[in-house]
file input_24.txt (compact mmCIF, C-alpha atoms (C1' of nucleotides))
# COMPACT_ATOMS: atom_id res chain seq x y z
CA MET A 1 -71.95 7.88 6.44
CA PRO A 2 -69.79 10.59 4.91
CA ARG A 3 -67.41 10.32 2.07
CA THR A 4 -64.73 7.73 1.74
CA LEU A 5 -62.17 9.00 -0.71
CA LEU A 6 -59.32 7.03 0.74
CA GLU A 7 -60.02 3.85 2.66
CA ARG A 8 -57.75 2.59 5.37
CA PRO A 9 -56.71 -0.53 3.43
CA ASP A 10 -55.58 1.67 0.54
CA ALA A 11 -53.51 3.72 2.94
CA VAL A 12 -51.99 0.54 4.40
CA ARG A 13 -51.08 -0.70 0.95
CA ALA A 14 -49.35 2.57 0.13
CA LEU A 15 -47.48 2.48 3.44
CA ALA A 16 -46.32 -1.07 2.79
CA GLY A 17 -44.77 0.09 -0.45
CA VAL A 18 -42.89 2.89 1.24
CA PHE A 19 -41.62 0.64 4.05
CA ARG A 20 -40.46 -1.97 1.56
CA ARG A 21 -38.65 0.57 -0.57
CA ARG A 22 -37.00 2.63 2.16
CA GLY A 23 -37.12 0.53 5.29
CA PHE A 24 -39.17 1.29 8.35
CA GLU A 25 -36.70 3.46 10.23
CA SER A 26 -35.71 5.70 7.38
CA SER A 27 -39.29 6.35 6.34
CA SER A 28 -39.87 9.70 8.01
CA LEU A 29 -43.30 11.23 8.14
CA SER A 30 -42.39 13.72 5.43
CA VAL A 31 -41.12 10.92 3.18
CA ILE A 32 -44.27 8.91 3.82
CA GLN A 33 -46.48 11.89 3.02
CA GLN A 34 -44.66 12.42 -0.24
CA GLU A 35 -44.25 8.85 -1.46
CA ALA A 36 -47.56 7.49 -0.29
CA GLY A 37 -49.39 10.63 -1.33
CA ILE A 38 -51.18 10.86 2.01
CA GLY A 39 -51.15 14.02 4.07
CA ARG A 40 -50.17 14.27 7.70
CA GLY A 41 -53.77 14.82 8.73
CA SER A 42 -55.00 11.62 7.10
CA LEU A 43 -52.06 9.66 8.39
CA TYR A 44 -52.78 10.51 12.00
CA HIS A 45 -56.49 10.09 11.40
CA PHE A 46 -56.01 6.48 10.30
CA PHE A 47 -53.06 5.71 12.57
CA PRO A 48 -53.48 7.73 15.76
CA GLU A 49 -50.38 6.27 17.40
CA GLY A 50 -48.13 7.26 14.52
CA LYS A 51 -45.47 5.15 12.89
CA THR A 52 -45.89 2.22 15.27
CA ASP A 53 -49.56 2.03 14.33
CA MET A 54 -48.67 2.19 10.65
CA ALA A 55 -46.17 -0.63 10.96
CA ARG A 56 -48.64 -2.77 12.89
CA ALA A 57 -51.33 -2.21 10.26
CA VAL A 58 -48.93 -3.13 7.46
CA LEU A 59 -47.76 -6.29 9.23
CA ASP A 60 -51.38 -7.25 9.92
CA GLN A 61 -52.30 -6.88 6.27
CA VAL A 62 -49.31 -8.90 5.07
CA GLY A 63 -49.94 -11.52 7.75
CA ASP A 64 -53.58 -11.83 6.68
CA TRP A 65 -52.56 -12.31 3.08
CA PHE A 66 -50.16 -15.12 3.98
CA GLU A 67 -52.72 -16.72 6.26
CA ASP A 68 -55.33 -16.78 3.50
CA GLU A 69 -53.15 -17.53 0.49
CA VAL A 70 -50.36 -19.67 1.93
CA PHE A 71 -50.82 -21.05 5.43
CA ALA A 72 -54.51 -22.04 5.31
CA PRO A 73 -54.16 -23.81 1.92
CA LEU A 74 -51.20 -25.75 3.29
CA ARG A 75 -53.21 -26.83 6.32
CA SER A 76 -56.31 -27.89 4.45
CA ALA A 77 -54.67 -29.51 1.43
CA THR A 78 -55.33 -33.15 0.65
CA ASP A 79 -52.88 -33.48 -2.25
CA ALA A 80 -49.48 -32.64 -0.75
CA ALA A 81 -47.61 -32.26 -4.06
CA GLU A 82 -50.24 -29.93 -5.44
CA ALA A 83 -50.15 -27.84 -2.27
CA VAL A 84 -46.36 -27.54 -2.46
CA SER A 85 -46.54 -26.26 -6.04
CA ALA A 86 -49.30 -23.83 -5.13
CA MET A 87 -47.28 -22.50 -2.21
CA THR A 88 -44.09 -21.95 -4.18
CA LYS A 89 -46.00 -20.22 -6.96
CA ALA A 90 -47.94 -17.96 -4.60
CA VAL A 91 -44.84 -17.05 -2.61
CA ALA A 92 -42.69 -16.42 -5.69
CA ASP A 93 -45.34 -14.20 -7.28
CA TYR A 94 -45.86 -12.33 -4.04
CA PHE A 95 -42.25 -11.40 -3.37
CA VAL A 96 -41.39 -10.66 -6.99
CA SER A 97 -44.25 -8.16 -7.11
CA ARG A 98 -43.18 -6.74 -3.71
CA GLU A 99 -39.58 -5.74 -4.46
CA ASN A 100 -38.20 -9.01 -3.03
CA VAL A 101 -38.68 -7.75 0.50
CA CYS A 102 -40.28 -9.63 3.39
CA LEU A 103 -41.42 -7.04 5.92
CA PHE A 104 -41.54 -9.61 8.72
CA ALA A 105 -37.91 -10.51 8.11
CA ALA A 106 -37.04 -6.81 8.08
CA MET A 107 -38.61 -6.49 11.52
CA THR A 108 -36.06 -8.89 13.04
CA LEU A 109 -33.55 -6.04 12.94
CA GLY A 110 -33.50 -2.50 14.19
CA GLU A 111 -35.15 -0.52 16.88
CA GLU A 112 -38.65 -1.98 16.86
CA LYS A 113 -37.69 -5.64 16.79
CA GLU A 114 -39.02 -6.00 20.33
CA THR A 115 -42.24 -4.14 19.56
CA PHE A 116 -43.28 -6.68 16.92
CA ALA A 117 -41.46 -9.75 18.16
CA GLY A 118 -44.74 -11.55 18.82
CA GLU A 119 -46.21 -10.97 15.37
CA VAL A 120 -42.93 -11.80 13.65
CA LYS A 121 -42.49 -15.05 15.55
CA ALA A 122 -46.11 -16.05 14.85
CA TYR A 123 -45.62 -15.49 11.11
CA PHE A 124 -42.63 -17.80 10.90
CA VAL A 125 -44.05 -20.38 13.30
CA ASP A 126 -47.31 -20.53 11.34
CA TRP A 127 -45.50 -20.96 8.05
CA VAL A 128 -43.06 -23.60 9.27
CA ASP A 129 -45.68 -25.53 11.20
CA ALA A 130 -48.23 -25.52 8.37
CA LEU A 131 -45.62 -26.76 5.91
CA ALA A 132 -44.28 -29.34 8.36
CA ALA A 133 -47.78 -30.72 8.95
CA LEU A 134 -48.31 -31.04 5.21
CA LEU A 135 -45.01 -32.86 4.76
CA GLN A 136 -45.94 -35.18 7.60
CA ARG A 137 -49.24 -35.98 5.91
CA GLY A 138 -47.17 -36.58 2.79
CA GLY A 139 -45.25 -39.36 4.52
CA LEU A 140 -42.34 -37.79 6.38
CA ASN A 141 -41.81 -38.41 10.07
CA ALA A 142 -42.35 -35.51 12.45
CA GLY A 143 -38.68 -34.59 12.88
CA ASP A 144 -37.79 -34.67 9.19
CA ALA A 145 -40.95 -32.80 8.29
CA HIS A 146 -40.16 -29.99 10.71
CA GLU A 147 -36.49 -29.76 9.71
CA ASN A 148 -37.34 -29.67 6.02
CA ALA A 149 -40.04 -27.05 6.51
CA LEU A 150 -37.64 -24.86 8.48
CA ASP A 151 -34.87 -25.24 5.92
CA VAL A 152 -37.22 -24.35 3.09
CA VAL A 153 -38.52 -21.20 4.75
CA ALA A 154 -34.92 -20.25 5.56
CA MET A 155 -33.88 -20.82 1.95
CA ILE A 156 -36.71 -18.61 0.71
CA GLN A 157 -35.79 -15.80 3.11
CA GLY A 158 -32.10 -16.12 2.32
CA GLY A 159 -32.93 -16.21 -1.36
CA LEU A 160 -34.60 -12.82 -1.00
CA ILE A 161 -31.50 -11.38 0.65
CA ILE A 162 -29.15 -12.67 -2.02
CA THR A 163 -31.37 -11.62 -4.88
CA ARG A 164 -31.47 -8.08 -3.46
CA ALA A 165 -27.69 -8.15 -3.06
CA TYR A 166 -27.23 -9.39 -6.62
CA GLY A 167 -29.77 -6.91 -7.94
CA ASP A 168 -31.16 -9.71 -10.07
CA GLU A 169 -34.51 -11.25 -9.27
CA SER A 170 -33.89 -14.39 -11.32
CA THR A 171 -31.70 -15.61 -8.47
CA PHE A 172 -34.73 -15.70 -6.19
CA LEU A 173 -36.80 -17.46 -8.82
CA GLY A 174 -34.07 -20.09 -9.16
CA VAL A 175 -34.14 -20.68 -5.43
CA MET A 176 -37.93 -21.04 -5.51
CA GLU A 177 -37.71 -23.61 -8.32
CA ARG A 178 -35.27 -25.72 -6.37
CA VAL A 179 -37.35 -25.37 -3.22
CA GLU A 180 -40.31 -26.80 -5.09
CA ARG A 181 -38.26 -29.60 -6.64
CA ARG A 182 -36.75 -30.50 -3.29
CA LEU A 183 -40.11 -30.65 -1.53
CA LEU A 184 -41.67 -32.71 -4.30
CA ALA A 185 -38.73 -35.14 -4.16
CA HIS A 186 -39.38 -35.70 -0.46
CA LEU A 187 -43.04 -36.45 -1.14
CA SER A 188 -42.52 -39.09 -3.81
CA MET B 189 4.11 9.34 17.03
CA PRO B 190 1.88 10.38 19.90
CA ARG B 191 -0.35 8.29 22.05
CA THR B 192 -2.73 5.67 20.89
CA LEU B 193 -5.24 5.06 23.65
CA LEU B 194 -7.99 3.90 21.37
CA GLU B 195 -7.05 2.43 18.03
CA ARG B 196 -9.32 2.67 15.04
CA PRO B 197 -9.90 -1.10 14.87
CA ASP B 198 -11.14 -1.04 18.47
CA ALA B 199 -13.55 1.73 17.58
CA VAL B 200 -14.73 -0.23 14.55
CA ARG B 201 -15.35 -3.30 16.68
CA ALA B 202 -17.42 -1.28 19.13
CA LEU B 203 -19.40 0.28 16.30
CA ALA B 204 -20.11 -3.12 14.79
CA GLY B 205 -21.65 -4.18 18.09
CA VAL B 206 -23.92 -1.15 18.18
CA PHE B 207 -25.02 -1.57 14.55
CA ARG B 208 -25.77 -5.26 15.12
CA ARG B 209 -27.79 -4.57 18.25
CA ARG B 210 -29.76 -1.53 17.07
CA GLY B 211 -29.52 -1.50 13.31
CA PHE B 212 -27.70 1.10 11.29
CA GLU B 213 -30.48 3.63 10.86
CA SER B 214 -31.61 3.76 14.43
CA SER B 215 -28.09 4.12 15.79
CA SER B 216 -27.99 7.86 16.33
CA LEU B 217 -24.75 9.61 17.18
CA SER B 218 -25.81 10.01 20.80
CA VAL B 219 -26.66 6.30 21.03
CA ILE B 220 -23.34 5.38 19.47
CA GLN B 221 -21.46 7.63 21.87
CA GLN B 222 -23.19 6.03 24.81
CA GLU B 223 -23.15 2.37 23.79
CA ALA B 224 -19.75 2.29 22.17
CA GLY B 225 -18.24 4.48 24.87
CA ILE B 226 -16.62 6.76 22.30
CA GLY B 227 -17.10 10.52 22.38
CA ARG B 228 -18.25 12.66 19.49
CA GLY B 229 -14.76 14.11 19.08
CA SER B 230 -13.14 10.72 18.66
CA LEU B 231 -15.87 9.47 16.35
CA TYR B 232 -15.42 12.32 13.89
CA HIS B 233 -11.67 12.07 14.26
CA PHE B 234 -11.69 8.45 13.12
CA PHE B 235 -14.62 8.75 10.74
CA PRO B 236 -14.58 12.24 9.24
CA GLU B 237 -17.55 11.60 6.99
CA GLY B 238 -19.77 10.51 9.86
CA LYS B 239 -22.08 7.54 9.93
CA THR B 240 -21.42 6.55 6.33
CA ASP B 241 -17.71 6.29 7.12
CA MET B 242 -18.47 4.27 10.21
CA ALA B 243 -20.63 1.82 8.29
CA ARG B 244 -18.01 1.47 5.59
CA ALA B 245 -15.31 0.75 8.15
CA VAL B 246 -17.46 -1.86 9.87
CA LEU B 247 -18.32 -3.60 6.60
CA ASP B 248 -14.64 -3.55 5.62
CA GLN B 249 -13.64 -5.20 8.86
CA VAL B 250 -16.33 -7.88 8.63
CA GLY B 251 -15.47 -8.44 4.97
CA ASP B 252 -11.79 -8.87 5.80
CA TRP B 253 -12.62 -11.41 8.49
CA PHE B 254 -14.70 -13.49 6.08
CA GLU B 255 -12.05 -13.20 3.37
CA ASP B 256 -9.36 -14.50 5.72
CA GLU B 257 -11.32 -17.07 7.69
CA VAL B 258 -13.89 -18.34 5.22
CA PHE B 259 -13.40 -17.44 1.55
CA ALA B 260 -9.63 -17.89 1.24
CA PRO B 261 -9.63 -21.27 3.04
CA LEU B 262 -12.40 -22.45 0.70
CA ARG B 263 -10.37 -21.39 -2.33
CA SER B 264 -7.10 -22.94 -1.26
CA ALA B 265 -8.44 -26.16 0.26
CA THR B 266 -7.30 -29.49 -1.11
CA ASP B 267 -9.61 -31.67 1.00
CA ALA B 268 -13.14 -30.54 0.12
CA ALA B 269 -14.91 -32.33 2.97
CA GLU B 270 -12.52 -30.90 5.52
CA ALA B 271 -12.99 -27.41 4.08
CA VAL B 272 -16.76 -27.73 4.28
CA SER B 273 -16.61 -28.67 7.95
CA ALA B 274 -14.18 -25.84 8.67
CA MET B 275 -16.46 -23.35 6.94
CA THR B 276 -19.62 -24.38 8.76
CA LYS B 277 -17.83 -24.31 12.10
CA ALA B 278 -16.25 -20.90 11.49
CA VAL B 279 -19.51 -19.39 10.25
CA ALA B 280 -21.60 -20.88 13.06
CA ASP B 281 -19.18 -19.64 15.73
CA TYR B 282 -19.00 -16.23 14.11
CA PHE B 283 -22.71 -15.51 13.97
CA VAL B 284 -23.52 -17.04 17.35
CA SER B 285 -20.97 -14.73 18.93
CA ARG B 286 -22.33 -11.78 16.90
CA GLU B 287 -26.00 -11.80 17.94
CA ASN B 288 -27.03 -13.84 14.87
CA VAL B 289 -26.83 -10.77 12.69
CA CYS B 290 -25.12 -10.50 9.31
CA LEU B 291 -24.42 -6.82 8.70
CA PHE B 292 -24.07 -7.32 4.96
CA ALA B 293 -27.55 -8.83 4.83
CA ALA B 294 -28.85 -5.93 6.91
CA MET B 295 -27.47 -3.53 4.29
CA THR B 296 -29.76 -4.94 1.60
CA LEU B 297 -32.58 -2.96 3.19
CA GLY B 298 -33.09 0.65 4.13
CA GLU B 299 -31.79 3.96 3.08
CA GLU B 300 -28.15 3.18 2.40
CA LYS B 301 -28.67 0.03 0.38
CA GLU B 302 -27.44 1.88 -2.70
CA THR B 303 -24.43 3.33 -0.92
CA PHE B 304 -23.01 -0.10 -0.13
CA ALA B 305 -24.50 -2.13 -2.95
CA GLY B 306 -21.05 -2.85 -4.38
CA GLU B 307 -19.53 -4.12 -1.15
CA VAL B 308 -22.62 -6.16 -0.31
CA LYS B 309 -22.75 -7.81 -3.72
CA ALA B 310 -19.02 -8.59 -3.57
CA TYR B 311 -19.42 -10.29 -0.19
CA PHE B 312 -22.11 -12.68 -1.42
CA VAL B 313 -20.49 -13.25 -4.80
CA ASP B 314 -17.16 -14.09 -3.14
CA TRP B 315 -18.79 -16.50 -0.74
CA VAL B 316 -20.95 -18.28 -3.31
CA ASP B 317 -18.18 -18.46 -5.90
CA ALA B 318 -15.55 -19.74 -3.46
CA LEU B 319 -17.90 -22.44 -2.23
CA ALA B 320 -19.02 -23.34 -5.76
CA ALA B 321 -15.41 -23.72 -6.89
CA LEU B 322 -14.71 -26.02 -3.97
CA LEU B 323 -17.75 -28.17 -4.74
CA GLN B 324 -16.65 -28.35 -8.36
CA ARG B 325 -13.23 -29.56 -7.29
CA GLY B 326 -15.10 -32.06 -5.13
CA GLY B 327 -16.71 -33.58 -8.19
CA LEU B 328 -19.87 -31.58 -8.95
CA ASN B 329 -20.47 -30.06 -12.37
CA ALA B 330 -20.37 -26.28 -12.67
CA GLY B 331 -24.12 -25.75 -12.64
CA ASP B 332 -24.87 -27.99 -9.68
CA ALA B 333 -21.92 -26.59 -7.76
CA HIS B 334 -23.13 -23.03 -8.20
CA GLU B 335 -26.75 -23.82 -7.37
CA ASN B 336 -25.78 -25.73 -4.25
CA ALA B 337 -23.44 -23.01 -3.09
CA LEU B 338 -26.14 -20.39 -3.56
CA ASP B 339 -28.76 -22.46 -1.77
CA VAL B 340 -26.42 -23.05 1.14
CA VAL B 341 -25.56 -19.38 1.61
CA ALA B 342 -29.28 -18.57 1.34
CA MET B 343 -30.10 -21.20 3.95
CA ILE B 344 -27.52 -19.75 6.33
CA GLN B 345 -28.86 -16.22 5.90
CA GLY B 346 -32.44 -17.35 6.24
CA GLY B 347 -31.48 -19.40 9.27
CA LEU B 348 -30.22 -16.23 10.93
CA ILE B 349 -33.54 -14.49 10.27
CA ILE B 350 -35.63 -17.33 11.66
CA THR B 351 -33.43 -17.80 14.70
CA ARG B 352 -33.81 -14.11 15.52
CA ALA B 353 -37.57 -14.38 15.01
CA TYR B 354 -37.75 -17.46 17.23
CA GLY B 355 -35.48 -15.87 19.80
CA ASP B 356 -33.67 -19.19 20.05
CA GLU B 357 -30.20 -19.61 18.65
CA SER B 358 -30.38 -23.42 18.55
CA THR B 359 -32.51 -23.05 15.42
CA PHE B 360 -29.58 -21.49 13.59
CA LEU B 361 -27.22 -24.18 14.87
CA GLY B 362 -29.59 -26.84 13.56
CA VAL B 363 -29.60 -25.21 10.14
CA MET B 364 -25.79 -25.11 10.16
CA GLU B 365 -25.61 -28.81 11.03
CA ARG B 366 -27.86 -29.74 8.13
CA VAL B 367 -25.94 -27.42 5.80
CA GLU B 368 -22.76 -29.31 6.64
CA ARG B 369 -24.41 -32.71 6.27
CA ARG B 370 -25.93 -31.74 2.94
CA LEU B 371 -22.64 -30.47 1.51
CA LEU B 372 -20.75 -33.53 2.71
CA ALA B 373 -23.38 -35.78 1.11
CA HIS B 374 -22.81 -34.08 -2.23
CA LEU B 375 -19.07 -34.67 -1.96
CA SER B 376 -19.17 -38.37 -1.27
C1' DT C 377 -81.20 21.19 1.06
C1' DA C 378 -79.16 20.87 5.42
C1' DC C 379 -76.93 18.17 8.74
C1' DA C 380 -73.58 14.81 10.27
C1' DA C 381 -69.47 12.51 10.10
C1' DG C 382 -65.35 11.17 7.99
C1' DC C 383 -61.37 13.06 5.85
C1' DT C 384 -57.48 16.41 4.88
C1' DG C 385 -54.13 20.36 4.55
C1' DT C 386 -51.58 23.71 7.23
C1' DA C 387 -49.34 25.77 10.81
C1' DC C 388 -47.18 24.83 14.89
C1' DT C 389 -44.07 22.89 18.98
C1' DA C 390 -40.45 20.73 21.38
C1' DA C 391 -37.09 17.34 21.04
C1' DA C 392 -33.62 14.92 18.63
C1' DC C 393 -30.66 14.92 14.92
C1' DA C 394 -25.91 15.12 12.20
C1' DG C 395 -22.16 17.61 11.90
C1' DT C 396 -18.54 21.54 13.26
C1' DA C 397 -15.11 24.02 15.93
C1' DC C 398 -11.74 24.06 19.02
C1' DA C 399 -9.22 24.16 23.30
C1' DG C 400 -6.81 21.10 25.93
C1' DC C 401 -5.13 16.66 27.20
C1' DT C 402 -1.93 12.54 26.83
C1' DT C 403 1.86 9.99 25.23
C1' DT C 404 5.59 8.91 22.01
C1' DT C 405 9.71 10.60 19.97
C1' DG C 406 13.95 13.09 19.63
C1' DC D 407 12.32 17.47 29.11
C1' DA D 408 10.21 19.75 25.39
C1' DA D 409 7.82 19.56 21.23
C1' DA D 410 4.83 17.26 18.06
C1' DA D 411 0.92 14.90 16.87
C1' DG D 412 -2.87 12.08 17.78
C1' DC D 413 -6.94 11.90 20.63
C1' DT D 414 -11.10 13.64 23.27
C1' DG D 415 -14.83 16.32 25.64
C1' DT D 416 -17.87 20.25 25.26
C1' DA D 417 -20.47 23.70 23.45
C1' DC D 418 -22.66 25.08 19.53
C1' DT D 419 -25.42 25.40 14.84
C1' DG D 420 -29.09 24.76 11.66
C1' DT D 421 -32.08 21.10 10.14
C1' DT D 422 -35.24 17.51 10.54
C1' DT D 423 -37.96 14.82 13.30
C1' DA D 424 -42.63 12.93 15.42
C1' DG D 425 -46.60 14.42 16.93
C1' DT D 426 -50.67 18.02 17.88
C1' DA D 427 -54.43 21.17 16.92
C1' DC D 428 -57.90 22.57 14.28
C1' DA D 429 -60.50 24.84 10.69
C1' DG D 430 -62.61 23.57 6.72
C1' DC D 431 -63.80 20.52 3.02
C1' DT D 432 -66.49 16.66 0.85
C1' DT D 433 -70.05 13.46 0.56
C1' DG D 434 -73.80 10.18 2.11
C1' DT D 435 -78.13 10.44 4.41
C1' DA D 436 -82.47 12.23 5.97
call {"tool": "encode", "arguments": {"input": "input_24.txt", "output": "structure tokens"}}
result
Amino acid sequence: MPRTLLERPDAVRALAGVFRRRGFESSSLSVIQQEAGIGRGSLYHFFPEGKTDMARAVLDQVGDWFEDEVFAPLRSATDAAEAVSAMTKAVADYFVSRENVCLFAAMTLGEEKETFAGEVKAYFVDWVDALAALLQRGGLNAGDAHENALDVVAMIQGGLIITRAYGDESTFLGVMERVERRLLAHLS
Amino acid sequence: MPRTLLERPDAVRALAGVFRRRGFESSSLSVIQQEAGIGRGSLYHFFPEGKTDMARAVLDQVGDWFEDEVFAPLRSATDAAEAVSAMTKAVADYFVSRENVCLFAAMTLGEEKETFAGEVKAYFVDWVDALAALLQRGGLNAGDAHENALDVVAMIQGGLIITRAYGDESTFLGVMERVERRLLAHLS
DNA sequence: TACAAGCTGTACTAAACAGTACAGCTTTTG
DNA sequence: CAAAAGCTGTACTGTTTAGTACAGCTTGTA
């Protein structure tokens, strides 16, 4: 095997940063080169189909992180209250350290919304369903569990929007605190 | 005065449709011409500064609608419960008939987020503050009123995201129903 | 030390882009 | 009915875009 100066996952991480900061559509190849510090040659080496490939790789990586750190723990948890606190903490830390941007939410708008509709839907369905199942195990009936899970995920996503609009990340943290409190109240 | 075949407000309405459907950044001038049915000449006649002018005009028009139909009624209402129901109905009807897209929320991402940061912040601040003031008049203390107002606006915005991801507008309508129920519960 | 294979910068192409200029059209006003 | 003024299509410019081609570099392996 030859050298591996830059690994694909590193490239994906750098791309994710650019897409979060500038949005997918206004990240031109020249901007990506500059901000991610990756040349055109490397970019097309790792992502032969261009920007679409890059976006897919970024969404995959984010989706994997949520699967491992959020959805799977929700599904396998035995203590519902503990799982709720772990989820809110993980999610809050994640978005605060990622410029308060959810790339899946961003993909519900713009040109390529159809291209990634499947992945985007799966992300939200997985999250809502995993949380709903946990709430059901915590004592809620199926309907209430699903409605509460949906409302909570919506509140988190809306909280991100408002905190970006306000330019003040404490707003998002406040939303996350109340999300946790609300879920715990339902479980007691 | 000479003829007025196409008025500026009509042009703005057409532009809003294009921006909602395709996103601001991927609406090129040729796409706008085609989908809005307005030629290049007319576009630069009405919006001399180009796309930035167009976006500003669209945001202004949407902002005016919300001011007149949502924020002002919230501020001047005497019956809090009635005002809450009026707001949820107006907002639900608005977004359902506008492809479940909030253009102000869309402007918190992408290239021009800084250009319109002021307008975007004002929109959310006006909404949250008007609703918070109403809840306070309805008996909540200042802190609870503000938190609930913020959470509700977040839930609405997040509901739009999830309904677009699900490709099923009944999800958003469900969120709006529970928003209304929750607010009414706080007022009783 | 030499080969193999992954990685990378540079130069290039064709298409799409935002924005300009302007002649000419249409309709209201006097 | 003529003039004024708003509106509109077309042709154009220079720039930026995504994507390609490829020579050459770097490093692990034999």
call {"tool": "closest_residue", "arguments": {"input": "input_24.txt", "among": "B:Asp198, B:Glu270, B:Glu223, B:Glu257", "to": "Leu322 in chain B", "atoms": "only C-alpha atoms"}}
result
B:Glu270
call {"tool": "closest_residue", "arguments": {"input": "input_24.txt", "among": "B:Asp252, B:Glu195, B:Asp281, B:Glu237", "to": "chain C", "atoms": "only C-alpha atoms (C1' of nucleotides)"}}
result
B:Glu237
call {"tool": "closest_residue", "arguments": {"input": "input_24.txt", "among": "B:Ala373, B:Ile220, B:Ile349, B:Leu231", "to": "Phe124 in chain A", "atoms": "all atoms listed in the file"}}
result
B:Ile349
call {"tool": "atom_distance", "arguments": {"input": "input_24.txt", "atom1": "CA of Gly110 in chain A", "atom2": "CA of Arg21 in chain A"}}
result
15.9 Å
call {"tool": "interface_residues", "arguments": {"input": "input_24.txt", "of": "chain A", "to": "chain B", "cutoff": "6 Å", "atoms": "all atoms listed in the file", "output": "PDB file with C-alpha atoms, keeping the file's coordinate frame"}}
result
ATOM      1  CA  ARG A  22     -37.000   2.630   2.160  1.00  0.00           C
ATOM      2  CA  GLY A  23     -37.120   0.530   5.290  1.00  0.00           C
ATOM      3  CA  GLY A 110     -33.500  -2.500  14.190  1.00  0.00           C
ATOM      4  CA  GLU A 111     -35.150  -0.520  16.880  1.00  0.00           C
ATOM      5  CA  LYS A 121     -42.490 -15.050  15.550  1.00  0.00           C
ATOM      6  CA  ALA A 154     -34.920 -20.250   5.560  1.00  0.00           C
ATOM      7  CA  MET A 155     -33.880 -20.820   1.950  1.00  0.00           C
ATOM      8  CA  GLN A 157     -35.790 -15.800   3.110  1.00  0.00           C
ATOM      9  CA  GLY A 158     -32.100 -16.120   2.320  1.00  0.00           C
ATOM     10  CA  GLY A 159     -32.930 -16.210  -1.360  1.00  0.00           C
ATOM     11  CA  ALA A 165     -27.690  -8.150  -3.060  1.00  0.00           C
ATOM     12  CA  TYR A 166     -27.230  -9.390  -6.620  1.00  0.00           C
TER      13      TYR A 166
END
call {"tool": "atom_distance", "arguments": {"input": "input_24.txt", "atom1": "CA of Arg370 in chain B", "atom2": "CA of His186 in chain A"}}
result
14.4 Å
call {"tool": "atom_distance", "arguments": {"input": "input_24.txt", "atom1": "CA of Ala81 in chain A", "atom2": "CA of Leu187 in chain A"}}
result
6.9 Å
call {"tool": "residues_near_point", "arguments": {"input": "input_24.txt", "point": "(-21.0, 25.7, 19.2)", "cutoff": "10 Å", "atoms": "only C-alpha atoms (C1' of nucleotides)", "output": "PyMOL selection string"}}
result
(chain C and resi 396-398) or (chain D and resi 416-419)
call {"tool": "residues_around", "arguments": {"input": "input_24.txt", "residues": "Leu203 in chain B", "least_positions_apart": "5", "cutoff": "8 Å", "atoms": "all atoms listed in the file", "output": "PyMOL selection string"}}
result
chain B and resi 220+224+242+246
call {"tool": "interface_residues", "arguments": {"input": "input_24.txt", "of": "chain C", "to": "chain A", "cutoff": "6 Å", "atoms": "only C-alpha atoms (C1' of nucleotides)", "output": "number ranges by chain"}}
result
C: 381-382, 384
call {"tool": "interface_residues", "arguments": {"input": "input_24.txt", "of": "chain D", "to": "chain A", "cutoff": "10 Å", "atoms": "all atoms listed in the file", "output": "VMD selection string"}}
result
chain D and resid 422 to 426 432 to 435
call {"tool": "write_last_selection", "arguments": {"input": "input_24.txt", "atoms": "C-alpha atoms (C1' of nucleotides)", "output": "compact mmCIF listing (two decimals), in the coordinates of the input"}}
result
# COMPACT_ATOMS: atom_id res chain seq x y z
C1' DT D 422 -35.24 17.51 10.54
C1' DT D 423 -37.96 14.82 13.30
C1' DA D 424 -42.63 12.93 15.42
C1' DG D 425 -46.60 14.42 16.93
C1' DT D 426 -50.67 18.02 17.88
C1' DT D 432 -66.49 16.66 0.85
C1' DT D 433 -70.05 13.46 0.56
C1' DG D 434 -73.80 10.18 2.11
C1' DT D 435 -78.13 10.44 4.41
call {"tool": "residues_around", "arguments": {"input": "input_24.txt", "residues": "DG420 in chain D", "least_positions_apart": "5", "cutoff": "12 Å", "atoms": "only C-alpha atoms (C1' of nucleotides)", "output": "ChimeraX atom specification"}}
result
/C:393-396
call {"tool": "residues_around", "arguments": {"input": "input_24.txt", "residues": "Ser376 in chain B", "least_positions_apart": "5", "cutoff": "12 Å", "atoms": "all atoms listed in the file", "output": "ChimeraX atom specification"}}
result
/B:267-269,323,326-328,369-371
call {"tool": "residues_near_point", "arguments": {"input": "input_24.txt", "point": "(-51.7, 21.5, 15.4)", "cutoff": "8 Å", "atoms": "all atoms listed in the file", "output": "list in words"}}
result
DA387 and DC388 of chain C; DT426, DA427 and DC428 of chain D
